[in-house]
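The structure file input32.pdb is reproduced below (PDB, C-alpha atoms).
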ATOM      1  CA  MET A  17     -85.612  -4.767-214.950
ATOM      2  CA  SER A  18     -86.422  -7.910-216.822
ATOM      3  CA  ASN A  19     -86.012 -11.591-216.067
ATOM      4  CA  PHE A  20     -84.434 -13.971-218.504
ATOM      5  CA  ILE A  21     -85.885 -17.424-217.992
ATOM      6  CA  ILE A  22     -83.510 -19.759-219.745
ATOM      7  CA  ASP A  23     -84.445 -23.270-220.804
ATOM      8  CA  ASN A  24     -82.732 -25.616-218.341
ATOM      9  CA  SER A  25     -82.000 -28.281-220.951
ATOM     10  CA  ASP A  26     -79.179 -26.298-222.567
ATOM     11  CA  ILE A  27     -77.448 -25.271-219.333
ATOM     12  CA  ILE A  28     -77.078 -28.561-217.485
ATOM     13  CA  GLN A  29     -73.597 -29.702-216.572
ATOM     14  CA  LYS A  30     -72.440 -32.767-214.706
ATOM     15  CA  THR A  31     -69.230 -32.486-212.723
ATOM     16  CA  ASP A  32     -68.133 -34.459-209.666
ATOM     17  CA  GLY A  33     -71.338 -36.479-209.924
ATOM     18  CA  LEU A  34     -73.383 -33.343-209.241
ATOM     19  CA  LEU A  35     -76.125 -32.058-211.518
ATOM     20  CA  GLU A  36     -75.951 -28.269-212.025
ATOM     21  CA  LYS A  37     -79.013 -26.357-213.214
ATOM     22  CA  LEU A  38     -79.518 -22.694-213.915
ATOM     23  CA  ILE A  39     -82.904 -21.502-212.665
ATOM     24  CA  VAL A  40     -83.016 -17.822-213.602
ATOM     25  CA  VAL A  41     -80.800 -14.913-214.704
ATOM     26  CA  LYS A  42     -81.847 -11.344-213.918
ATOM     27  CA  ARG A  43     -80.472  -8.125-215.355
ATOM     28  CA  THR A  44     -80.223  -5.137-213.042
ATOM     29  CA  SER A  45     -79.270  -1.579-213.895
ATOM     30  CA  LYS A  46     -77.825   1.340-211.989
ATOM     31  CA  VAL A  47     -77.938   4.854-213.374
ATOM     32  CA  SER A  48     -74.708   6.767-212.881
ATOM     33  CA  LYS A  49     -73.279  10.000-214.242
ATOM     34  CA  GLY A  50     -71.835   8.150-217.234
ATOM     35  CA  GLY A  51     -75.087   6.340-218.071
ATOM     36  CA  ARG A  52     -76.609   3.013-217.184
ATOM     37  CA  VAL A  53     -74.425   0.325-215.642
ATOM     38  CA  PHE A  54     -75.822  -3.190-216.075
ATOM     39  CA  GLY A  55     -75.238  -6.142-213.793
ATOM     40  CA  PHE A  56     -76.521  -9.703-213.725
ATOM     41  CA  SER A  57     -77.588 -12.063-210.968
ATOM     42  CA  ALA A  58     -78.032 -15.817-211.375
ATOM     43  CA  LEU A  59     -79.862 -18.410-209.284
ATOM     44  CA  THR A  60     -78.692 -22.020-209.574
ATOM     45  CA  VAL A  61     -79.292 -25.397-207.964
ATOM     46  CA  VAL A  62     -76.796 -28.240-207.598
ATOM     47  CA  GLY A  63     -77.640 -31.804-206.561
ATOM     48  CA  ASP A  64     -76.614 -35.436-206.802
ATOM     49  CA  LYS A  65     -80.142 -36.861-207.391
ATOM     50  CA  ASN A  66     -79.728 -38.869-204.207
ATOM     51  CA  GLY A  67     -80.838 -36.521-201.419
ATOM     52  CA  ARG A  68     -78.105 -33.859-201.574
ATOM     53  CA  PHE A  69     -78.711 -30.403-203.012
ATOM     54  CA  GLY A  70     -77.692 -26.774-202.661
ATOM     55  CA  ILE A  71     -78.997 -23.426-203.867
ATOM     56  CA  GLY A  72     -76.691 -20.576-204.858
ATOM     57  CA  ARG A  73     -76.894 -16.979-206.008
ATOM     58  CA  GLY A  74     -74.190 -15.045-207.816
ATOM     59  CA  LYS A  75     -73.842 -11.465-209.013
ATOM     60  CA  ALA A  76     -71.432 -10.069-211.594
ATOM     61  CA  LYS A  77     -71.132  -7.598-214.461
ATOM     62  CA  GLU A  78     -71.349 -10.410-217.043
ATOM     63  CA  VAL A  79     -73.654 -13.436-217.253
ATOM     64  CA  PRO A  80     -71.032 -16.254-217.318
ATOM     65  CA  PHE A  81     -69.282 -14.913-214.221
ATOM     66  CA  ALA A  82     -72.605 -14.572-212.378
ATOM     67  CA  ILE A  83     -73.476 -18.188-213.246
ATOM     68  CA  GLN A  84     -70.026 -19.397-212.149
ATOM     69  CA  LYS A  85     -70.314 -17.579-208.800
ATOM     70  CA  ALA A  86     -73.803 -19.001-208.274
ATOM     71  CA  MET A  87     -72.607 -22.567-208.963
ATOM     72  CA  GLU A  88     -69.729 -22.166-206.488
ATOM     73  CA  ASN A  89     -72.119 -20.759-203.892
ATOM     74  CA  ALA A  90     -74.534 -23.665-204.423
ATOM     75  CA  ARG A  91     -71.708 -26.188-203.931
ATOM     76  CA  LYS A  92     -70.844 -24.524-200.603
ATOM     77  CA  ASN A  93     -74.473 -24.766-199.436
ATOM     78  CA  LEU A  94     -75.004 -28.504-200.015
ATOM     79  CA  VAL A  95     -77.372 -30.166-197.525
ATOM     80  CA  PHE A  96     -78.577 -33.764-197.185
ATOM     81  CA  ILE A  97     -82.311 -34.520-197.112
ATOM     82  CA  LYS A  98     -83.713 -37.925-196.143
ATOM     83  CA  LEU A  99     -86.110 -39.158-198.830
ATOM     84  CA  ASN A 100     -88.766 -41.873-198.820
ATOM     85  CA  GLY A 101     -87.855 -43.694-202.020
ATOM     86  CA  ASP A 102     -88.576 -41.260-204.832
ATOM     87  CA  THR A 103     -90.772 -38.853-202.843
ATOM     88  CA  ILE A 104     -90.578 -36.776-199.652
ATOM     89  CA  CYS A 105     -91.221 -38.371-196.247
ATOM     90  CA  HIS A 106     -94.314 -36.389-195.237
ATOM     91  CA  ALA A 107     -96.249 -33.203-195.970
ATOM     92  CA  ILE A 108     -94.282 -30.007-195.363
ATOM     93  CA  LYS A 109     -95.608 -26.480-194.932
ATOM     94  CA  ASP A 110     -93.449 -23.412-194.337
ATOM     95  CA  LYS A 111     -93.061 -19.698-195.030
ATOM     96  CA  PHE A 112     -90.180 -17.448-196.070
ATOM     97  CA  CYS A 113     -90.818 -13.683-196.351
ATOM     98  CA  SER A 114     -94.167 -13.487-198.165
ATOM     99  CA  THR A 115     -93.811 -16.847-199.936
ATOM    100  CA  LYS A 116     -95.783 -19.713-198.449
ATOM    101  CA  MET A 117     -95.228 -23.256-199.661
ATOM    102  CA  ILE A 118     -96.809 -26.651-199.215
ATOM    103  CA  MET A 119     -95.248 -29.928-200.377
ATOM    104  CA  LEU A 120     -97.106 -33.233-200.375
ATOM    105  CA  PRO A 121     -95.751 -36.725-201.081
ATOM    106  CA  ALA A 122     -97.289 -38.339-204.157
ATOM    107  CA  SER A 123     -97.781 -41.934-205.252
ATOM    108  CA  LYS A 124     -95.559 -43.595-207.833
ATOM    109  CA  GLY A 125     -96.223 -42.419-211.379
ATOM    110  CA  THR A 126     -97.546 -38.977-210.410
ATOM    111  CA  GLY A 127     -94.437 -37.045-211.407
ATOM    112  CA  ILE A 128     -93.355 -33.594-210.275
ATOM    113  CA  ILE A 129     -96.304 -31.218-210.102
ATOM    114  CA  ALA A 130     -94.700 -27.871-209.274
ATOM    115  CA  SER A 131     -93.456 -24.570-210.699
ATOM    116  CA  PHE A 132     -90.282 -24.433-212.808
ATOM    117  CA  VAL A 133     -88.165 -23.314-209.829
ATOM    118  CA  MET A 134     -89.437 -26.143-207.620
ATOM    119  CA  ARG A 135     -89.149 -28.647-210.482
ATOM    120  CA  SER A 136     -85.428 -27.830-210.863
ATOM    121  CA  ILE A 137     -84.878 -28.271-207.124
ATOM    122  CA  PHE A 138     -86.754 -31.592-207.011
ATOM    123  CA  GLU A 139     -84.844 -32.911-210.047
ATOM    124  CA  ALA A 140     -81.491 -32.022-208.454
ATOM    125  CA  LEU A 141     -82.629 -33.596-205.174
ATOM    126  CA  GLY A 142     -83.768 -36.828-206.810
ATOM    127  CA  VAL A 143     -87.478 -36.564-206.003
ATOM    128  CA  LYS A 144     -89.633 -37.991-208.793
ATOM    129  CA  ASN A 145     -93.170 -37.937-207.329
ATOM    130  CA  VAL A 146     -94.310 -34.871-205.424
ATOM    131  CA  PHE A 147     -96.960 -32.159-205.407
ATOM    132  CA  ALA A 148     -95.858 -28.615-204.470
ATOM    133  CA  LYS A 149     -97.778 -25.347-204.416
ATOM    134  CA  CYS A 150     -96.536 -21.808-203.721
ATOM    135  CA  PHE A 151     -98.740 -19.049-202.373
ATOM    136  CA  GLY A 152     -97.947 -15.354-202.111
ATOM    137  CA  SER A 153     -94.770 -14.025-203.701
ATOM    138  CA  LYS A 154     -93.626 -15.869-206.829
ATOM    139  CA  ASN A 155     -90.095 -14.438-206.710
ATOM    140  CA  PRO A 156     -87.713 -17.285-207.738
ATOM    141  CA  ASN A 157     -85.197 -16.370-205.000
ATOM    142  CA  ASN A 158     -87.878 -16.493-202.310
ATOM    143  CA  ILE A 159     -89.312 -19.757-203.670
ATOM    144  CA  ALA A 160     -85.861 -21.394-203.618
ATOM    145  CA  ARG A 161     -85.085 -20.175-200.092
ATOM    146  CA  CYS A 162     -88.536 -21.233-198.883
ATOM    147  CA  ALA A 163     -87.935 -24.715-200.330
ATOM    148  CA  MET A 164     -84.574 -24.907-198.550
ATOM    149  CA  LYS A 165     -86.250 -23.852-195.296
ATOM    150  CA  CYS A 166     -88.989 -26.481-195.788
ATOM    151  CA  PHE A 167     -86.456 -29.261-196.311
ATOM    152  CA  LEU A 168     -84.289 -28.201-193.366
ATOM    153  CA  ASN A 169     -87.311 -28.084-191.029
ATOM    154  CA  MET A 170     -88.680 -31.415-192.291
ATOM    155  CA  GLY A 171     -86.849 -33.558-189.719
ATOM    156  CA  LYS A 172     -87.358 -31.072-186.885
ATOM    157  CA  ASP A 173     -91.130 -31.220-187.338
ATOM    158  CA  VAL A 174     -91.219 -35.003-186.871
ATOM    159  CA  GLU A 175     -88.889 -34.844-183.853
ATOM    160  CA  ALA A 176     -90.980 -32.105-182.247
ATOM    161  CA  ARG A 177     -94.197 -34.067-182.788
ATOM    162  CA  SER A 178     -92.728 -37.246-181.308
ATOM    163  CA  ALA A 179     -91.407 -35.328-178.275
ATOM    164  CA  ARG A 180     -94.704 -33.518-177.823
ATOM    165  CA  TYR A 181     -96.727 -36.738-177.608
ATOM    166  CA  SER A 182     -94.112 -38.894-175.872
ATOM    167  CA  PHE A 183     -96.202 -38.990-172.679
ATOM    168  CA  LEU A 184     -98.781 -41.126-174.525
ATOM    169  CA  VAL A 185     -96.267 -43.940-174.995
ATOM    170  CA  LYS A 186     -95.902 -46.093-171.882
ATOM    171  CA  ASN A 187     -92.352 -46.834-170.822
ATOM    172  CA  LYS A 188     -91.614 -50.464-169.955
TER     173      LYS A 188
END
Show me this structure written as structure tokens.
Amino acid sequence: MSNFIIDNSDIIQKTDGLLEKLIVVKRTSKVSKGGRVFGFSALTVVGDKNGRFGIGRGKAKEVPFAIQKAMENARKNLVFIKLNGDTICHAIKDKFCSTKMIMLPASKGTGIIASFVMRSIFEALGVKNVFAKCFGSKNPNNIARCAMKCFLNMGKDVEARSARYSFLVKNK
């Protein structure tokens, strides 16, 4: 099995105000009685650069169909993330399978300091200044799903912290 990392600049489409980016295409093979049967899987990200993004995966016997399925899947999985200007609200740390991730807000002018998978997600989301580091598995699917989990748990973490220490605030 081999991964085809395709330059994102040539496979960027804008439809319905959404930015579509292809992250990675993988070729898989199955050995049957008649020989090898090849299939392809694609991982894509879709976003509006204003806090909405989705991640999708598609599988097919040919590359264009796999990409099309992945884009449709990403559009179905759109979520809204609250941003703090052009960065994330606070530091986020989470884990998915054996991929651990930490995201830190950065000051203006820092840029996106992250891997190519995370960079595509941040660009689709509209984040311009952030620092992100992945530990453990570097599988693009796991990194993308870990990022989605981080963003979905971002608000819950703040709510849990405020509820946990609510007894310190005196009620009037």
Residues within 10 Å of A:Ile71, please, as a VMD selection string. Count only C-alpha atoms; anything in the same chain fewer than 6 positions from it doesn't count.
chain A and resid 36 to 37 39 59 to 63 86 to 95 137 157 160 to 161 163 to 164
Could you dump the residues just selected with C-alpha atoms as a PDB file, keeping the file's coordinate frame?
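Wrote it out as part21.pdb, contents follow:
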ATOM      1  CA  GLU A  36     -75.951 -28.269-212.025  1.00  0.00           C
ATOM      2  CA  LYS A  37     -79.013 -26.357-213.214  1.00  0.00           C
ATOM      3  CA  ILE A  39     -82.904 -21.502-212.665  1.00  0.00           C
ATOM      4  CA  LEU A  59     -79.862 -18.410-209.284  1.00  0.00           C
ATOM      5  CA  THR A  60     -78.692 -22.020-209.574  1.00  0.00           C
ATOM      6  CA  VAL A  61     -79.292 -25.397-207.964  1.00  0.00           C
ATOM      7  CA  VAL A  62     -76.796 -28.240-207.598  1.00  0.00           C
ATOM      8  CA  GLY A  63     -77.640 -31.804-206.561  1.00  0.00           C
ATOM      9  CA  ALA A  86     -73.803 -19.001-208.274  1.00  0.00           C
ATOM     10  CA  MET A  87     -72.607 -22.567-208.963  1.00  0.00           C
ATOM     11  CA  GLU A  88     -69.729 -22.166-206.488  1.00  0.00           C
ATOM     12  CA  ASN A  89     -72.119 -20.759-203.892  1.00  0.00           C
ATOM     13  CA  ALA A  90     -74.534 -23.665-204.423  1.00  0.00           C
ATOM     14  CA  ARG A  91     -71.708 -26.188-203.931  1.00  0.00           C
ATOM     15  CA  LYS A  92     -70.844 -24.524-200.603  1.00  0.00           C
ATOM     16  CA  ASN A  93     -74.473 -24.766-199.436  1.00  0.00           C
ATOM     17  CA  LEU A  94     -75.004 -28.504-200.015  1.00  0.00           C
ATOM     18  CA  VAL A  95     -77.372 -30.166-197.525  1.00  0.00           C
ATOM     19  CA  ILE A 137     -84.878 -28.271-207.124  1.00  0.00           C
ATOM     20  CA  ASN A 157     -85.197 -16.370-205.000  1.00  0.00           C
ATOM     21  CA  ALA A 160     -85.861 -21.394-203.618  1.00  0.00           C
ATOM     22  CA  ARG A 161     -85.085 -20.175-200.092  1.00  0.00           C
ATOM     23  CA  ALA A 163     -87.935 -24.715-200.330  1.00  0.00           C
ATOM     24  CA  MET A 164     -84.574 -24.907-198.550  1.00  0.00           C
TER      25      MET A 164
END
Would you compute the distance between atom CA of A:Met117 and atom CA of A:Cys162? Give it in Å to one decimal.
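Interatomic distance, atom CA of A:Met117 to atom CA of A:Cys162: 7.0 Å.
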For A:Gly127, please output as an NGL selection string all residues within 8 Å (counting all atoms listed in the file; exclusion window: fewer than 4 positions along the same chain).
:A and (122 or 144-146)
To test your reading of the syntax: which residues would the PyMOL selection byres ((chain A and resi 116) around 7) return for the file shown? Reply as a PyMOL selection string.
chain A and resi 110-112+114-115+117+150-152
Nearby residues, (-87.2, -35.4, -196.7) file frame, 10 Å, all atoms listed in the file, as a tab-separated table (two decimals) with C-alpha atoms, in the frame of the given file:
chain	number	residue	atom	x	y	z
A	67	GLY	CA	-80.84	-36.52	-201.42
A	96	PHE	CA	-78.58	-33.76	-197.18
A	97	ILE	CA	-82.31	-34.52	-197.11
A	98	LYS	CA	-83.71	-37.92	-196.14
A	99	LEU	CA	-86.11	-39.16	-198.83
A	100	ASN	CA	-88.77	-41.87	-198.82
A	101	GLY	CA	-87.86	-43.69	-202.02
A	103	THR	CA	-90.77	-38.85	-202.84
A	104	ILE	CA	-90.58	-36.78	-199.65
A	105	CYS	CA	-91.22	-38.37	-196.25
A	106	HIS	CA	-94.31	-36.39	-195.24
A	107	ALA	CA	-96.25	-33.20	-195.97
A	108	ILE	CA	-94.28	-30.01	-195.36
A	121	PRO	CA	-95.75	-36.72	-201.08
A	141	LEU	CA	-82.63	-33.60	-205.17
A	143	VAL	CA	-87.48	-36.56	-206.00
A	166	CYS	CA	-88.99	-26.48	-195.79
A	167	PHE	CA	-86.46	-29.26	-196.31
A	168	LEU	CA	-84.29	-28.20	-193.37
A	169	ASN	CA	-87.31	-28.08	-191.03
A	170	MET	CA	-88.68	-31.42	-192.29
A	171	GLY	CA	-86.85	-33.56	-189.72
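The interatomic distance for the pair atom CA of A:Ala76 and atom CA of A:Ala130 works out to 29.4 Å.
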Give me the residues near A:Ser45 as a list in words, where near means some atom within 9 Å (using all atoms listed in the file) and where sequence neighbours in that chain fewer than 4 positions away do not count.
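Here the answer would be Met17, Arg52, Val53, Phe54, Gly55 and Phe56 of chain A.
If only C-alpha atoms are the atoms counted, then among A:Ile118, A:Lys165, A:Gly33, A:Leu38 the closest residue to A:Phe132 is A:Leu38.
Atom pair atom CA of A:Cys113 / atom CA of A:Ser153: separated by 8.4 Å.
Of the residues listed (A:Ala140, A:Met119, A:Val41, A:Phe81), A:Ala140 shows the shortest atom-to-atom separation from A:Arg68; distances use all atoms listed in the file.
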Using the chain letters and residue numbers of this document, give as a PyMOL selection string the residues selected by the PyMOL selection byres ((chain A and resi 57) around 6).
chain A and resi 41-42+56+58+74-75+82
Those residues with C-alpha atoms, as a compact mmCIF listing (two decimals), in the coordinates of the input please?
# COMPACT_ATOMS: atom_id res chain seq x y z
CA VAL A 41 -80.80 -14.91 -214.70
CA LYS A 42 -81.85 -11.34 -213.92
CA PHE A 56 -76.52 -9.70 -213.72
CA ALA A 58 -78.03 -15.82 -211.38
CA GLY A 74 -74.19 -15.04 -207.82
CA LYS A 75 -73.84 -11.46 -209.01
CA ALA A 82 -72.60 -14.57 -212.38
Would you fill out stretch 78-112 of chain A with N, CA and C atoms and return it as a PDB file, in the coordinates of the input?
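This went into selection18.pdb:
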ATOM      1  N   GLU A  78     -71.072  -9.607-215.847  1.00  0.00           N
ATOM      2  CA  GLU A  78     -71.349 -10.410-217.043  1.00  0.00           C
ATOM      3  C   GLU A  78     -72.018 -11.717-216.635  1.00  0.00           C
ATOM      4  N   VAL A  79     -72.842 -12.254-217.546  1.00  0.00           N
ATOM      5  CA  VAL A  79     -73.654 -13.436-217.253  1.00  0.00           C
ATOM      6  C   VAL A  79     -72.812 -14.667-216.891  1.00  0.00           C
ATOM      7  N   PRO A  80     -71.777 -15.033-217.662  1.00  0.00           N
ATOM      8  CA  PRO A  80     -71.032 -16.254-217.318  1.00  0.00           C
ATOM      9  C   PRO A  80     -70.395 -16.212-215.930  1.00  0.00           C
ATOM     10  N   PHE A  81     -69.892 -15.037-215.539  1.00  0.00           N
ATOM     11  CA  PHE A  81     -69.282 -14.913-214.221  1.00  0.00           C
ATOM     12  C   PHE A  81     -70.334 -15.013-213.119  1.00  0.00           C
ATOM     13  N   ALA A  82     -71.516 -14.465-213.356  1.00  0.00           N
ATOM     14  CA  ALA A  82     -72.605 -14.572-212.378  1.00  0.00           C
ATOM     15  C   ALA A  82     -73.017 -16.029-212.202  1.00  0.00           C
ATOM     16  N   ILE A  83     -73.105 -16.770-213.313  1.00  0.00           N
ATOM     17  CA  ILE A  83     -73.476 -18.188-213.246  1.00  0.00           C
ATOM     18  C   ILE A  83     -72.396 -18.982-212.512  1.00  0.00           C
ATOM     19  N   GLN A  84     -71.136 -18.693-212.801  1.00  0.00           N
ATOM     20  CA  GLN A  84     -70.026 -19.397-212.149  1.00  0.00           C
ATOM     21  C   GLN A  84     -70.039 -19.151-210.640  1.00  0.00           C
ATOM     22  N   LYS A  85     -70.252 -17.900-210.227  1.00  0.00           N
ATOM     23  CA  LYS A  85     -70.314 -17.579-208.800  1.00  0.00           C
ATOM     24  C   LYS A  85     -71.491 -18.285-208.134  1.00  0.00           C
ATOM     25  N   ALA A  86     -72.624 -18.339-208.832  1.00  0.00           N
ATOM     26  CA  ALA A  86     -73.803 -19.001-208.274  1.00  0.00           C
ATOM     27  C   ALA A  86     -73.567 -20.498-208.095  1.00  0.00           C
ATOM     28  N   MET A  87     -72.906 -21.131-209.069  1.00  0.00           N
ATOM     29  CA  MET A  87     -72.607 -22.567-208.963  1.00  0.00           C
ATOM     30  C   MET A  87     -71.666 -22.841-207.785  1.00  0.00           C
ATOM     31  N   GLU A  88     -70.652 -21.995-207.612  1.00  0.00           N
ATOM     32  CA  GLU A  88     -69.729 -22.166-206.488  1.00  0.00           C
ATOM     33  C   GLU A  88     -70.454 -21.983-205.161  1.00  0.00           C
ATOM     34  N   ASN A  89     -71.343 -21.004-205.103  1.00  0.00           N
ATOM     35  CA  ASN A  89     -72.119 -20.759-203.892  1.00  0.00           C
ATOM     36  C   ASN A  89     -73.040 -21.938-203.588  1.00  0.00           C
ATOM     37  N   ALA A  90     -73.644 -22.518-204.617  1.00  0.00           N
ATOM     38  CA  ALA A  90     -74.534 -23.665-204.423  1.00  0.00           C
ATOM     39  C   ALA A  90     -73.757 -24.874-203.908  1.00  0.00           C
ATOM     40  N   ARG A  91     -72.530 -25.067-204.400  1.00  0.00           N
ATOM     41  CA  ARG A  91     -71.708 -26.188-203.931  1.00  0.00           C
ATOM     42  C   ARG A  91     -71.335 -26.022-202.459  1.00  0.00           C
ATOM     43  N   LYS A  92     -71.166 -24.774-202.010  1.00  0.00           N
ATOM     44  CA  LYS A  92     -70.844 -24.524-200.603  1.00  0.00           C
ATOM     45  C   LYS A  92     -72.045 -24.779-199.694  1.00  0.00           C
ATOM     46  N   ASN A  93     -73.257 -24.651-200.237  1.00  0.00           N
ATOM     47  CA  ASN A  93     -74.473 -24.766-199.436  1.00  0.00           C
ATOM     48  C   ASN A  93     -75.151 -26.122-199.557  1.00  0.00           C
ATOM     49  N   LEU A  94     -74.406 -27.174-199.866  1.00  0.00           N
ATOM     50  CA  LEU A  94     -75.004 -28.504-200.015  1.00  0.00           C
ATOM     51  C   LEU A  94     -75.544 -29.011-198.680  1.00  0.00           C
ATOM     52  N   VAL A  95     -76.760 -29.550-198.702  1.00  0.00           N
ATOM     53  CA  VAL A  95     -77.372 -30.166-197.525  1.00  0.00           C
ATOM     54  C   VAL A  95     -77.905 -31.540-197.924  1.00  0.00           C
ATOM     55  N   PHE A  96     -78.047 -32.424-196.932  1.00  0.00           N
ATOM     56  CA  PHE A  96     -78.577 -33.764-197.185  1.00  0.00           C
ATOM     57  C   PHE A  96     -79.999 -33.842-196.654  1.00  0.00           C
ATOM     58  N   ILE A  97     -80.906 -34.362-197.473  1.00  0.00           N
ATOM     59  CA  ILE A  97     -82.311 -34.520-197.112  1.00  0.00           C
ATOM     60  C   ILE A  97     -82.659 -36.000-197.192  1.00  0.00           C
ATOM     61  N   LYS A  98     -83.296 -36.524-196.141  1.00  0.00           N
ATOM     62  CA  LYS A  98     -83.713 -37.925-196.143  1.00  0.00           C
ATOM     63  C   LYS A  98     -84.990 -38.053-196.968  1.00  0.00           C
ATOM     64  N   LEU A  99     -84.963 -38.948-197.947  1.00  0.00           N
ATOM     65  CA  LEU A  99     -86.110 -39.158-198.830  1.00  0.00           C
ATOM     66  C   LEU A  99     -86.769 -40.498-198.535  1.00  0.00           C
ATOM     67  N   ASN A 100     -88.018 -40.632-198.949  1.00  0.00           N
ATOM     68  CA  ASN A 100     -88.766 -41.873-198.820  1.00  0.00           C
ATOM     69  C   ASN A 100     -88.894 -42.477-200.216  1.00  0.00           C
ATOM     70  N   GLY A 101     -87.855 -43.160-200.659  1.00  0.00           N
ATOM     71  CA  GLY A 101     -87.855 -43.694-202.020  1.00  0.00           C
ATOM     72  C   GLY A 101     -87.657 -42.569-203.016  1.00  0.00           C
ATOM     73  N   ASP A 102     -88.670 -42.328-203.838  1.00  0.00           N
ATOM     74  CA  ASP A 102     -88.576 -41.260-204.832  1.00  0.00           C
ATOM     75  C   ASP A 102     -89.526 -40.108-204.523  1.00  0.00           C
ATOM     76  N   THR A 103     -89.919 -39.964-203.260  1.00  0.00           N
ATOM     77  CA  THR A 103     -90.772 -38.853-202.843  1.00  0.00           C
ATOM     78  C   THR A 103     -90.300 -38.349-201.476  1.00  0.00           C
ATOM     79  N   ILE A 104     -90.942 -37.310-200.963  1.00  0.00           N
ATOM     80  CA  ILE A 104     -90.578 -36.776-199.652  1.00  0.00           C
ATOM     81  C   ILE A 104     -91.244 -37.611-198.561  1.00  0.00           C
ATOM     82  N   CYS A 105     -90.747 -37.509-197.332  1.00  0.00           N
ATOM     83  CA  CYS A 105     -91.221 -38.371-196.247  1.00  0.00           C
ATOM     84  C   CYS A 105     -92.649 -38.058-195.808  1.00  0.00           C
ATOM     85  N   HIS A 106     -92.983 -36.782-195.700  1.00  0.00           N
ATOM     86  CA  HIS A 106     -94.314 -36.389-195.237  1.00  0.00           C
ATOM     87  C   HIS A 106     -94.630 -34.995-195.764  1.00  0.00           C
ATOM     88  N   ALA A 107     -95.836 -34.535-195.520  1.00  0.00           N
ATOM     89  CA  ALA A 107     -96.249 -33.203-195.970  1.00  0.00           C
ATOM     90  C   ALA A 107     -95.453 -32.139-195.216  1.00  0.00           C
ATOM     91  N   ILE A 108     -95.070 -31.094-195.941  1.00  0.00           N
ATOM     92  CA  ILE A 108     -94.282 -30.007-195.363  1.00  0.00           C
ATOM     93  C   ILE A 108     -94.976 -28.692-195.696  1.00  0.00           C
ATOM     94  N   LYS A 109     -95.031 -27.804-194.709  1.00  0.00           N
ATOM     95  CA  LYS A 109     -95.608 -26.480-194.932  1.00  0.00           C
ATOM     96  C   LYS A 109     -94.715 -25.475-194.227  1.00  0.00           C
ATOM     97  N   ASP A 110     -94.322 -24.412-194.943  1.00  0.00           N
ATOM     98  CA  ASP A 110     -93.449 -23.412-194.337  1.00  0.00           C
ATOM     99  C   ASP A 110     -93.614 -22.076-195.047  1.00  0.00           C
ATOM    100  N   LYS A 111     -92.948 -21.053-194.491  1.00  0.00           N
ATOM    101  CA  LYS A 111     -93.061 -19.698-195.030  1.00  0.00           C
ATOM    102  C   LYS A 111     -91.693 -19.032-194.980  1.00  0.00           C
ATOM    103  N   PHE A 112     -91.378 -18.277-196.040  1.00  0.00           N
ATOM    104  CA  PHE A 112     -90.180 -17.448-196.070  1.00  0.00           C
ATOM    105  C   PHE A 112     -90.579 -16.113-196.678  1.00  0.00           C
TER     106      PHE A 112
END
